[in-house]
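Structure data follow from start10.txt (compact mmCIF, C-alpha atoms and all ligand atoms):
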```txt
# COMPACT_ATOMS: atom_id res chain seq x y z
CA MET A 1 8.43 104.71 113.08
CA SER A 2 6.08 101.76 112.56
CA LYS A 3 7.18 98.19 113.21
CA VAL A 4 9.96 97.02 110.88
CA LYS A 5 8.84 94.13 108.68
CA SER A 6 10.65 91.48 106.64
CA PHE A 7 10.43 88.05 104.94
CA ALA A 8 11.84 84.59 105.67
CA GLY A 9 15.27 83.60 104.31
CA GLY A 10 17.70 85.90 102.52
CA THR A 11 21.08 87.26 103.50
CA HIS A 12 22.96 90.44 104.44
CA PRO A 13 25.67 91.41 101.96
CA PRO A 14 27.63 94.61 102.77
CA GLY A 15 25.58 97.60 101.54
CA ASN A 16 28.42 99.73 100.12
CA LYS A 17 25.87 102.47 99.52
CA GLU A 18 27.90 105.13 101.30
CA HIS A 19 29.97 105.68 98.14
CA SER A 20 27.05 107.42 96.39
CA SER A 21 24.05 107.78 98.72
CA GLY A 22 24.98 111.39 99.57
CA ALA A 23 25.59 112.41 95.95
CA ALA A 24 22.76 114.51 94.51
CA VAL A 25 21.61 113.48 91.04
CA VAL A 26 23.55 115.18 88.24
CA ARG A 27 21.68 115.67 84.96
CA LEU A 28 23.93 114.87 81.99
CA PRO A 29 23.36 116.38 78.55
CA ALA A 30 22.75 113.97 75.70
CA PRO A 31 25.99 112.73 74.10
CA GLU A 32 26.84 113.56 70.48
CA VAL A 33 25.49 110.20 69.36
CA VAL A 34 22.81 108.14 71.15
CA THR A 35 22.29 104.43 70.55
CA VAL A 36 18.70 103.67 71.47
CA PRO A 37 17.94 99.97 71.91
CA LEU A 38 14.60 98.71 70.58
CA CYS A 39 14.43 96.03 73.29
CA GLN A 40 14.64 98.01 76.53
CA HIS A 41 11.53 96.33 77.91
CA LEU A 42 10.69 92.70 78.61
CA GLY A 43 8.88 91.10 75.65
CA ALA A 44 9.07 91.64 71.92
CA PRO A 45 11.44 94.40 70.71
CA SER A 46 9.69 97.34 69.09
CA LYS A 47 9.75 97.48 65.27
CA PRO A 48 11.87 100.30 63.80
CA VAL A 49 9.85 102.93 61.93
CA VAL A 50 12.80 105.11 60.95
CA LYS A 51 15.68 104.65 58.50
CA PRO A 52 19.13 106.21 58.04
CA GLY A 53 18.85 109.88 57.04
CA ASP A 54 15.49 110.47 58.76
CA GLN A 55 15.15 113.52 61.01
CA VAL A 56 13.61 112.64 64.39
CA LEU A 57 12.23 114.83 67.16
CA LYS A 58 12.84 114.31 70.86
CA GLY A 59 10.01 112.15 72.16
CA SER A 60 8.92 110.91 68.72
CA VAL A 61 8.32 107.19 68.12
CA ILE A 62 11.29 105.46 66.46
CA GLY A 63 10.08 101.90 67.14
CA GLU A 64 6.46 100.81 67.27
CA GLN A 65 4.97 98.37 69.77
CA ASN A 66 5.14 94.83 68.44
CA GLY A 67 2.62 92.72 70.39
CA PHE A 68 0.89 92.79 73.78
CA ILE A 69 4.05 92.31 75.86
CA SER A 70 5.95 95.08 74.08
CA LEU A 71 6.23 98.87 74.05
CA PRO A 72 7.02 101.68 71.64
CA THR A 73 10.50 103.26 71.75
CA HIS A 74 11.06 107.03 71.51
CA SER A 75 13.95 109.22 70.49
CA PRO A 76 15.61 110.97 73.47
CA VAL A 77 16.91 113.79 71.24
CA ASN A 78 16.22 115.90 68.15
CA GLY A 79 18.58 114.61 65.50
CA LYS A 80 19.33 112.53 62.43
CA VAL A 81 19.20 108.73 62.22
CA LEU A 82 22.62 107.39 61.28
CA ARG A 83 22.02 103.66 61.39
CA VAL A 84 19.60 100.93 62.52
CA GLU A 85 21.81 98.03 63.53
CA ASN A 86 22.63 95.39 66.12
CA VAL A 87 24.77 96.73 68.99
CA PRO A 88 26.24 95.28 72.22
CA MET A 89 23.64 95.49 74.98
CA PRO A 90 24.11 95.59 78.74
CA HIS A 91 21.83 92.61 79.36
CA MET A 92 22.50 90.44 76.34
CA ARG A 93 25.16 89.94 73.70
CA SER A 94 23.54 92.20 71.13
CA GLY A 95 20.23 93.69 70.12
CA PRO A 96 18.71 96.03 67.54
CA ALA A 97 19.10 99.77 68.10
CA VAL A 98 18.57 103.11 66.36
CA VAL A 99 21.75 105.21 66.28
CA ILE A 100 20.99 108.96 66.21
CA LYS A 101 23.28 111.98 65.80
CA THR A 102 22.15 114.50 68.43
CA GLU A 103 21.27 118.00 67.21
CA SER A 104 19.47 119.40 70.26
CA GLU A 105 17.44 118.43 73.31
CA ASP A 106 14.65 121.02 73.04
CA GLY A 107 10.95 120.18 73.34
CA GLY A 108 9.90 116.57 73.63
CA GLU A 109 6.55 116.75 75.35
CA VAL A 110 4.86 115.10 72.41
CA TYR A 111 1.61 114.00 74.07
CA GLU A 112 -1.11 116.30 75.33
CA PRO A 113 -0.77 116.46 79.15
CA ILE A 114 -3.74 114.93 81.03
CA THR A 115 -3.73 117.61 83.72
CA ASP A 116 -7.15 116.63 85.12
CA TRP A 117 -6.11 112.99 85.49
CA GLU A 118 -8.29 112.49 88.62
CA HIS A 119 -11.32 112.69 86.30
CA ALA A 120 -9.83 110.93 83.29
CA ASP A 121 -11.02 107.50 82.10
CA THR A 122 -8.91 104.60 83.34
CA SER A 123 -8.47 103.46 79.74
CA GLU A 124 -7.10 106.89 78.75
CA LEU A 125 -4.51 106.75 81.55
CA VAL A 126 -3.48 103.15 80.80
CA ASN A 127 -3.19 104.01 77.12
CA ARG A 128 -1.02 107.04 77.89
CA ILE A 129 1.30 104.92 80.06
CA ARG A 130 1.52 102.39 77.19
CA GLU A 131 2.12 104.91 74.39
CA ALA A 132 4.76 106.71 76.49
CA GLY A 133 6.69 103.42 76.68
CA VAL A 134 6.75 103.19 80.49
CA CYS A 135 8.19 99.96 81.86
CA GLY A 136 9.39 98.81 85.29
CA MET A 137 12.41 100.96 86.18
CA GLY A 138 13.64 98.67 88.96
CA GLY A 139 15.49 96.48 86.48
CA ALA A 140 12.85 93.95 85.37
CA SER A 141 11.54 96.34 82.67
CA PHE A 142 8.12 94.70 82.41
CA PRO A 143 5.64 96.90 80.45
CA THR A 144 3.76 98.86 83.12
CA TYR A 145 0.47 99.09 81.22
CA VAL A 146 0.20 95.27 81.22
CA LYS A 147 0.37 95.19 85.03
CA LEU A 148 -2.43 97.77 85.04
CA SER A 149 -4.67 95.56 82.88
CA PRO A 150 -5.55 92.58 85.12
CA PRO A 151 -7.64 89.83 83.51
CA GLU A 152 -11.40 89.98 84.01
CA GLY A 153 -12.48 88.67 87.40
CA VAL A 154 -9.18 89.57 89.11
CA THR A 155 -9.51 92.20 91.84
CA ILE A 156 -6.49 94.24 92.91
CA ASP A 157 -6.86 95.67 96.42
CA THR A 158 -3.23 96.55 97.19
CA LEU A 159 -0.65 98.71 95.43
CA ILE A 160 2.88 98.49 96.82
CA ILE A 161 5.44 101.00 95.63
CA ASN A 162 8.91 99.49 95.74
CA GLY A 163 11.43 101.87 97.28
CA VAL A 164 13.52 99.07 98.77
CA GLU A 165 16.61 99.15 96.54
CA CYS A 166 18.13 96.17 98.35
CA GLU A 167 20.99 95.57 95.88
CA PRO A 168 24.32 96.73 97.37
CA TYR A 169 25.90 99.90 95.92
CA LEU A 170 22.72 101.16 94.19
CA THR A 171 21.37 104.50 95.41
CA ALA A 172 19.46 105.86 92.38
CA ASP A 173 16.03 105.07 93.86
CA HIS A 174 17.08 106.52 97.21
CA ARG A 175 18.05 109.82 95.58
CA LEU A 176 14.92 109.79 93.42
CA MET A 177 12.74 109.48 96.57
CA LEU A 178 14.53 112.50 98.05
CA GLU A 179 14.73 114.66 94.92
CA ARG A 180 11.63 113.74 92.87
CA THR A 181 9.28 113.28 95.83
CA GLN A 182 6.26 115.10 94.41
CA ASP A 183 6.46 113.35 91.02
CA LEU A 184 6.76 110.03 92.85
CA ILE A 185 3.63 110.75 94.90
CA THR A 186 1.71 111.93 91.82
CA GLY A 187 2.69 108.80 89.87
CA MET A 188 1.73 106.59 92.81
CA ASN A 189 -1.68 108.28 93.02
CA ILE A 190 -2.25 107.87 89.26
CA LEU A 191 -1.44 104.16 89.50
CA ALA A 192 -3.70 103.77 92.56
CA SER A 193 -6.53 105.54 90.74
CA VAL A 194 -6.16 103.27 87.67
CA LEU A 195 -6.26 100.15 89.87
CA GLY A 196 -9.06 101.44 92.12
CA VAL A 197 -6.80 101.13 95.19
CA THR A 198 -7.49 103.71 97.91
CA ASP A 199 -4.55 103.19 100.23
CA PRO A 200 -1.22 102.63 98.40
CA VAL A 201 1.92 101.99 100.46
CA ILE A 202 5.64 102.46 99.86
CA GLY A 203 8.05 99.83 101.16
CA ILE A 204 11.47 101.22 102.10
CA GLU A 205 14.41 99.59 103.91
CA VAL A 206 15.40 101.28 107.16
CA ASN A 207 18.83 102.21 105.76
CA LYS A 208 17.08 105.17 104.06
CA PRO A 209 15.65 106.97 107.11
CA ASP A 210 15.64 110.36 105.35
CA ALA A 211 13.41 109.03 102.56
CA ILE A 212 11.08 107.34 105.06
CA LYS A 213 10.78 110.55 107.08
CA LEU A 214 10.24 112.79 104.05
CA LEU A 215 7.51 110.62 102.57
CA GLN A 216 5.77 110.22 105.94
CA GLU A 217 5.82 114.01 106.38
CA LYS A 218 4.06 114.28 103.01
CA GLY A 219 1.31 111.96 104.24
CA VAL A 220 2.41 108.83 102.38
CA LYS A 221 1.87 105.48 104.09
CA VAL A 222 5.35 103.95 104.44
CA VAL A 223 6.15 100.39 105.52
CA SER A 224 9.63 100.26 107.04
CA LEU A 225 11.51 97.12 106.08
CA ARG A 226 14.54 95.37 107.54
CA VAL A 227 17.77 95.62 105.52
CA GLN A 228 17.82 92.13 104.10
CA TYR A 229 18.51 90.83 100.59
CA PRO A 230 16.35 90.30 98.42
CA GLN A 231 13.79 92.48 100.24
CA GLY A 232 12.93 94.25 96.96
CA ALA A 233 11.97 91.07 95.06
CA GLU A 234 8.23 91.20 94.38
CA LYS A 235 7.25 88.06 96.26
CA GLN A 236 9.37 88.93 99.31
CA LEU A 237 8.10 92.51 99.36
CA ILE A 238 4.48 91.32 99.19
CA SER A 239 5.12 88.83 101.98
CA ALA A 240 6.78 91.46 104.18
CA VAL A 241 4.15 94.16 103.60
CA THR A 242 0.92 92.13 103.49
CA GLY A 243 1.77 88.65 104.81
CA ARG A 244 0.30 87.20 101.58
CA VAL A 245 2.15 84.41 99.80
CA VAL A 246 2.30 84.44 96.00
CA PRO A 247 2.03 80.76 94.97
CA ALA A 248 4.94 79.08 93.13
CA GLY A 249 4.58 79.92 89.45
CA GLY A 250 1.98 82.57 90.34
CA LEU A 251 1.92 86.34 89.98
CA PRO A 252 1.29 89.15 92.48
CA LEU A 253 -2.17 89.65 90.95
CA ASN A 254 -3.07 86.13 92.15
CA VAL A 255 -3.05 87.60 95.67
CA GLY A 256 -4.62 90.93 94.70
CA VAL A 257 -1.39 92.94 94.60
CA VAL A 258 0.42 95.11 92.06
CA VAL A 259 4.01 96.20 92.75
CA GLN A 260 5.59 99.18 90.97
CA ASN A 261 9.04 100.71 91.41
CA VAL A 262 9.49 104.32 92.62
CA GLY A 263 11.19 105.25 89.33
CA THR A 264 8.22 103.86 87.43
CA CYS A 265 5.94 106.19 89.41
CA VAL A 266 8.00 109.20 88.28
CA ALA A 267 7.89 107.98 84.66
CA VAL A 268 4.09 107.60 84.95
CA ALA A 269 3.72 111.14 86.34
CA GLU A 270 5.81 112.54 83.46
CA ALA A 271 3.86 110.57 80.84
CA VAL A 272 0.46 111.66 82.18
CA CYS A 273 1.04 115.18 83.53
CA SER A 274 3.73 116.44 81.12
CA GLY A 275 3.15 114.26 78.07
CA MET A 276 6.80 113.19 78.26
CA PRO A 277 7.63 109.68 76.99
CA SER A 278 10.06 107.47 78.91
CA ILE A 279 13.41 108.61 77.51
CA ARG A 280 15.55 109.27 80.60
CA ARG A 281 16.40 107.52 83.85
CA ILE A 282 18.41 108.02 87.04
CA THR A 283 21.21 105.53 87.47
CA THR A 284 24.05 104.97 89.97
CA VAL A 285 27.70 104.67 88.96
CA SER A 286 29.74 103.14 91.77
CA GLY A 287 32.43 100.71 92.86
CA LEU A 288 36.05 101.37 93.81
CA GLY A 289 36.93 101.19 90.10
CA VAL A 290 35.65 104.74 89.48
CA ASN A 291 37.04 107.96 90.92
CA LYS A 292 33.81 109.69 91.94
CA PRO A 293 30.78 107.46 92.42
CA GLY A 294 27.48 109.26 91.96
CA ASN A 295 23.94 109.29 90.62
CA PHE A 296 23.17 110.55 87.14
CA ASP A 297 20.06 111.48 85.20
CA VAL A 298 20.80 110.39 81.62
CA CYS A 299 18.91 109.83 78.43
CA VAL A 300 18.56 106.24 77.30
CA GLY A 301 21.04 105.42 74.58
CA THR A 302 23.93 107.15 76.41
CA PRO A 303 27.04 104.92 76.20
CA VAL A 304 28.16 103.55 79.58
CA SER A 305 31.61 105.04 78.87
CA VAL A 306 30.04 108.54 79.11
CA LEU A 307 28.69 107.70 82.56
CA ILE A 308 32.07 106.39 83.67
CA GLU A 309 33.63 109.63 82.52
CA ALA A 310 31.00 111.62 84.44
CA ALA A 311 32.00 109.62 87.52
CA GLY A 312 35.60 110.80 87.19
CA GLY A 313 36.80 107.93 84.99
CA TYR A 314 38.24 104.56 85.92
CA GLN A 315 40.76 104.25 88.74
CA GLY A 316 43.13 101.35 89.36
CA GLU A 317 42.35 97.88 88.08
CA VAL A 318 38.73 97.18 87.20
CA LYS A 319 38.09 93.50 87.70
CA ARG A 320 34.47 93.53 86.57
CA LEU A 321 32.06 95.98 84.96
CA VAL A 322 28.47 95.20 85.95
CA SER A 323 25.11 96.47 84.73
CA GLY A 324 22.80 96.49 87.78
CA GLY A 325 23.75 95.45 91.30
CA PRO A 326 26.41 92.91 92.30
CA MET A 327 23.84 90.24 93.26
CA MET A 328 21.61 90.14 90.19
CA GLY A 329 23.50 92.32 87.73
CA ILE A 330 25.08 91.16 84.51
CA ALA A 331 28.81 91.35 83.77
CA MET A 332 29.44 93.67 80.82
CA PHE A 333 32.12 93.04 78.23
CA THR A 334 32.24 96.60 76.91
CA ASP A 335 31.44 100.08 78.16
CA ALA A 336 30.27 100.99 74.66
CA ALA A 337 26.87 99.42 75.50
CA PRO A 338 24.06 101.95 75.96
CA VAL A 339 22.02 102.81 79.06
CA THR A 340 18.47 101.45 78.84
CA LYS A 341 15.28 102.15 80.82
CA GLY A 342 16.25 99.20 83.06
CA THR A 343 19.82 100.33 83.88
CA SER A 344 19.58 100.83 87.64
CA GLY A 345 23.35 101.09 88.03
CA ILE A 346 26.79 100.58 86.53
CA LEU A 347 29.45 99.15 88.81
CA ALA A 348 33.18 99.22 88.12
CA LEU A 349 34.44 96.76 90.70
CA SER A 350 38.06 96.55 91.85
CA PRO A 351 39.71 93.15 92.46
CA GLY A 352 38.99 93.43 96.20
CA GLU A 353 35.26 93.82 95.56
CA VAL A 354 34.86 90.69 93.47
CA ARG A 355 34.59 87.25 94.99
CA ASP A 356 36.89 85.25 92.81
CA VAL A 357 36.81 81.64 94.00
CA GLU A 358 37.25 78.48 92.04
CA GLU A 359 34.16 76.31 92.04
CA GLY A 360 34.57 73.34 94.36
CA PRO A 361 32.42 70.31 95.13
CA CYS A 362 29.31 70.68 97.28
CA ILE A 363 30.08 69.93 100.93
CA ARG A 364 26.39 69.47 101.78
CA CYS A 365 26.36 72.20 104.40
CA GLY A 366 22.76 73.19 103.57
CA LYS A 367 23.45 76.94 103.70
CA CYS A 368 21.95 77.55 100.27
CA VAL A 369 18.74 75.84 101.40
CA ASP A 370 18.55 77.93 104.58
CA VAL A 371 18.73 81.23 102.71
CA CYS A 372 16.65 80.59 99.59
CA PRO A 373 13.69 82.96 100.00
CA LEU A 374 11.58 80.74 97.74
CA ASN A 375 12.23 77.57 99.78
CA LEU A 376 14.00 75.83 96.89
CA VAL A 377 16.87 73.39 97.27
CA PRO A 378 19.44 75.16 95.09
CA CYS A 379 22.16 72.49 95.44
CA THR A 380 19.81 69.79 94.10
CA ILE A 381 18.67 71.86 91.11
CA ALA A 382 22.26 72.87 90.30
CA THR A 383 23.49 69.27 90.44
CA ALA A 384 20.66 68.08 88.18
CA SER A 385 21.60 70.87 85.77
CA GLU A 386 25.29 69.95 85.77
CA PHE A 387 24.39 66.38 84.77
CA GLY A 388 21.91 67.53 82.12
CA LYS A 389 18.95 66.07 84.02
CA TRP A 390 16.51 68.75 82.96
CA GLU A 391 13.41 66.85 84.06
CA ASP A 392 14.83 66.43 87.57
CA ALA A 393 15.75 70.12 87.67
CA GLU A 394 12.23 71.08 86.63
CA LYS A 395 10.68 68.77 89.24
CA ALA A 396 12.89 70.44 91.87
CA GLY A 397 11.41 73.84 90.93
CA ALA A 398 14.11 75.30 88.68
CA LEU A 399 11.59 77.49 86.86
CA ASN A 400 10.52 79.13 90.12
CA CYS A 401 14.03 80.45 90.82
CA MET A 402 14.23 84.25 90.42
CA ALA A 403 18.04 84.21 90.13
CA CYS A 404 18.45 86.46 93.17
CA GLY A 405 21.95 85.06 93.76
CA THR A 406 21.52 84.60 97.51
CA CYS A 407 22.45 80.90 97.39
CA SER A 408 25.63 81.52 95.38
CA TYR A 409 26.59 84.34 97.75
CA VAL A 410 26.54 82.13 100.86
CA CYS A 411 27.96 78.93 99.34
CA PRO A 412 31.32 78.18 101.02
CA ALA A 413 32.30 75.90 98.13
CA GLY A 414 31.93 78.73 95.61
CA ARG A 415 29.40 76.72 93.61
CA TYR A 416 28.06 78.59 90.58
CA LEU A 417 24.54 77.81 91.69
CA VAL A 418 22.70 80.59 89.85
CA GLN A 419 24.53 79.92 86.59
CA HIS A 420 23.66 76.19 86.79
CA ILE A 421 20.04 76.97 87.62
CA LYS A 422 19.74 79.53 84.82
CA ARG A 423 21.16 76.99 82.38
CA ALA A 424 18.49 74.51 83.52
CA GLN A 425 15.78 77.13 83.05
CA SER A 426 16.79 77.88 79.48
CA GLU A 427 17.08 74.13 78.61
CA ILE A 428 13.68 73.36 80.16
CA ARG A 429 12.07 76.24 78.25
CA ALA A 430 13.77 75.18 74.98
CA LEU A 431 12.47 71.62 75.44
CA ALA A 432 8.96 72.95 76.11
CA ARG A 433 9.12 75.01 72.89
CA GLU A 434 10.28 71.94 70.94
CA ARG A 435 7.36 69.92 72.32
CA GLU A 436 4.92 72.66 71.28
CA ALA A 437 6.37 73.01 67.75
S1 LIG B 501 17.64 79.11 94.15
FE1 LIG B 501 17.10 80.95 93.01
S2 LIG B 501 15.61 82.00 94.30
FE2 LIG B 501 16.67 80.51 95.62
S3 LIG B 501 18.39 81.67 96.52
FE3 LIG B 501 19.17 80.69 94.67
S4 LIG B 501 18.95 82.23 93.09
FE4 LIG B 501 17.62 82.89 94.78
S1 LIG B 502 25.76 76.05 100.12
FE1 LIG B 502 27.12 75.18 98.58
S2 LIG B 502 28.24 73.60 99.64
FE2 LIG B 502 26.50 74.12 100.94
S3 LIG B 502 24.88 72.67 100.33
FE3 LIG B 502 24.62 74.47 99.08
S4 LIG B 502 25.78 74.03 97.20
FE4 LIG B 502 26.49 72.61 98.75
```
Is it possible to give me this structure as structure tokens?
Amino acid sequence: MSKVKSFAGGTHPPGNKEHSSGAAVVRLPAPEVVTVPLCQHLGAPSKPVVKPGDQVLKGSVIGEQNGFISLPTHSPVNGKVLRVENVPMPHMRSGPAVVIKTESEDGGEVYEPITDWEHADTSELVNRIREAGVCGMGGASFPTYVKLSPPEGVTIDTLIINGVECEPYLTADHRLMLERTQDLITGMNILASVLGVTDPVIGIEVNKPDAIKLLQEKGVKVVSLRVQYPQGAEKQLISAVTGRVVPAGGLPLNVGVVVQNVGTCVAVAEAVCSGMPSIRRITTVSGLGVNKPGNFDVCVGTPVSVLIEAAGGYQGEVKRLVSGGPMMGIAMFTDAAPVTKGTSGILALSPGEVRDVEEGPCIRCGKCVDVCPLNLVPCTIATASEFGKWEDAEKAGALNCMACGTCSYVCPAGRYLVQHIKRAQSEIRALAREREA
């Protein structure tokens, strides 16, 4: 194995991946009713193009792209539209969705496959990835085609495929690397071809030795990474793999790099080679609050309650239901919310798995500063936020925080650092919008 690489800062929360890492992916049929959100990607929600009573086909467009940072949304089933309405969402209070009564799951490959993609125009491939609604499957959900369209004058020389999955509990990407290996490699090669990169690499933490070995055996260049949170964050991954530093407020393309998740590669391969839009994803269900943690291949729009049932149902007291991992995930208030393209996991956490401390005063220990991978001073930003000093928070770099949660995790005083910093971010952005209006 090649030398293990890493980044500066970060922390080492317990992995808890053993609950589901050995569980092969189970494909679930579509539920009787799917609730398909129109805002599964970062950016503007797609605009509904169907109404109650319409018949829709699996893979057909039910919401059209609504701007540059946006994507179309497709139906995951053949069925009848019941409603277009606001529903509870895993990552926000509510959002618009198309509710469809499922009739069948046949067909769905609505686009002509581009089988000879090695000789296809770059623009044809990028357009296919756009029209198939592919977005980042690691959780950020940024439209993939936008990352493949760098501004004029910007040269991309490095493509890093993110197989890190550093969030505790989550194992969906690990299983995908083991079970969808050829699709992953095909998708990676399509992305490399679009970007003109000849030597793509996959970054994987060393706690997935079977995935590292398998991909190396298939001739893929793998960079082995230390198990360290947040190794999978774009800037930290770029630093670990290439030694390049993305400037504060900058993007990976500023240092010639594009990062794409392993699940995104599989979605790209399906969109290009099978003509299949992005309508399913693999997600982990774990935590001691479910009977049988596992990994499931589900269509978007499946209620979280269906996934919980597939994982053997709840057991004991569930202290917190989380969409995503425990570090960056969002607490959910209902399991009626649907799975989206960005749902990397659902955690039902028992009381013993949740750190439940009352927030105390800062004791100036400096631990949050030591671990911040972006060299911020979290305690200073949080204090400025608590006192409503938005300008001070901005000067201290609040907008650069990626909300990785590392500072809150290590704080012995239980300070709600991320919440305070996120509050500052939204106030600073609101003030900026007011100034522009
Ligand atoms: S300040 Fe932001 S980036 Fe730094 S550790 Fe805290 S959450 Fe992560
Ligand atoms: S880790 Fe907590 S107690 Fe220590 S300096 Fe940071 S905010 Fe204060």
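The space between CA of Thr158 in chain A and CA of Val241 in chain A spans 10.1 Å.
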* What is the distance, in Å and to one decimal place, between CA of Tyr111 in chain A and CA of Met276 in chain A? -> 6.7 Å
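A distance cut-off of 7 Å from ligand LIG 501 (chain B), applied to all atoms listed in the file, picks out the residues Cys368, Val371, Cys372, Pro373, Leu374, Asn375, Leu376, Val377, Pro378, Cys401, Met402, Ala403, Cys404, Gly405, Thr406, Cys407, Ser408, Leu417 and Val418 of chain A.
Using only C-alpha atoms, the smallest distance between any of A:Gln419, A:Thr171, A:Ser149, A:Ser141 and Ser123 in chain A comes from A:Ser149.
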* To do: Name the residues in contact with Ala271 in chain A at a cut-off of 7 Å, using only C-alpha atoms, excluding same-chain residues fewer than 3 positions from it; report them as a ChimeraX atom specification.
  => /A:128-129,132,267-268,274-277
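Residue nearest Leu71 in chain A, chosen from A:Val134, A:Val56, A:Leu215, A:Val223 and counting all atoms listed in the file: A:Val134.
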* To do: Tell me, in Å to one decimal, how far CA of Thr283 in chain A is from CA of Val300 in chain A.
  => 10.5 Å
* **Polymer residues at most 8 Å from range 187-203 of chain A, all atoms listed in the file, same-chain spacing of 5 or more positions, as a ChimeraX atom specification** => /A:117-118,122,125-126,148,156-164,220-225,237,241,264-269
Size and centre in Å, one decimal, axis-aligned box, all listed ligand LIG 502 (chain B) atoms plus 5 Å per side, as JSON:
```
{"center_x": 26.4, "center_y": 74.3, "center_z": 99.1, "size_x": 13.6, "size_y": 13.4, "size_z": 13.7}
```
* To do: Considering all atoms listed in the file, state which residue in the set A:Val84, A:Glu427, A:His74, A:Tyr169 is at the smallest distance from Pro293 in chain A.
  =>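 The closest residue to Pro293 in chain A is A:Tyr169.
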* Close residues to ligand LIG 502 (chain B) using only C-alpha atoms and all ligand atoms, limit 6 Å, as a list in words ->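 I would give the residues around ligand LIG 502 (chain B) as Cys362, Ile363, Arg364, Cys365, Gly366, Lys367, Cys368, Cys379, Cys411, Pro412, Ala413 and Arg415 of chain A.
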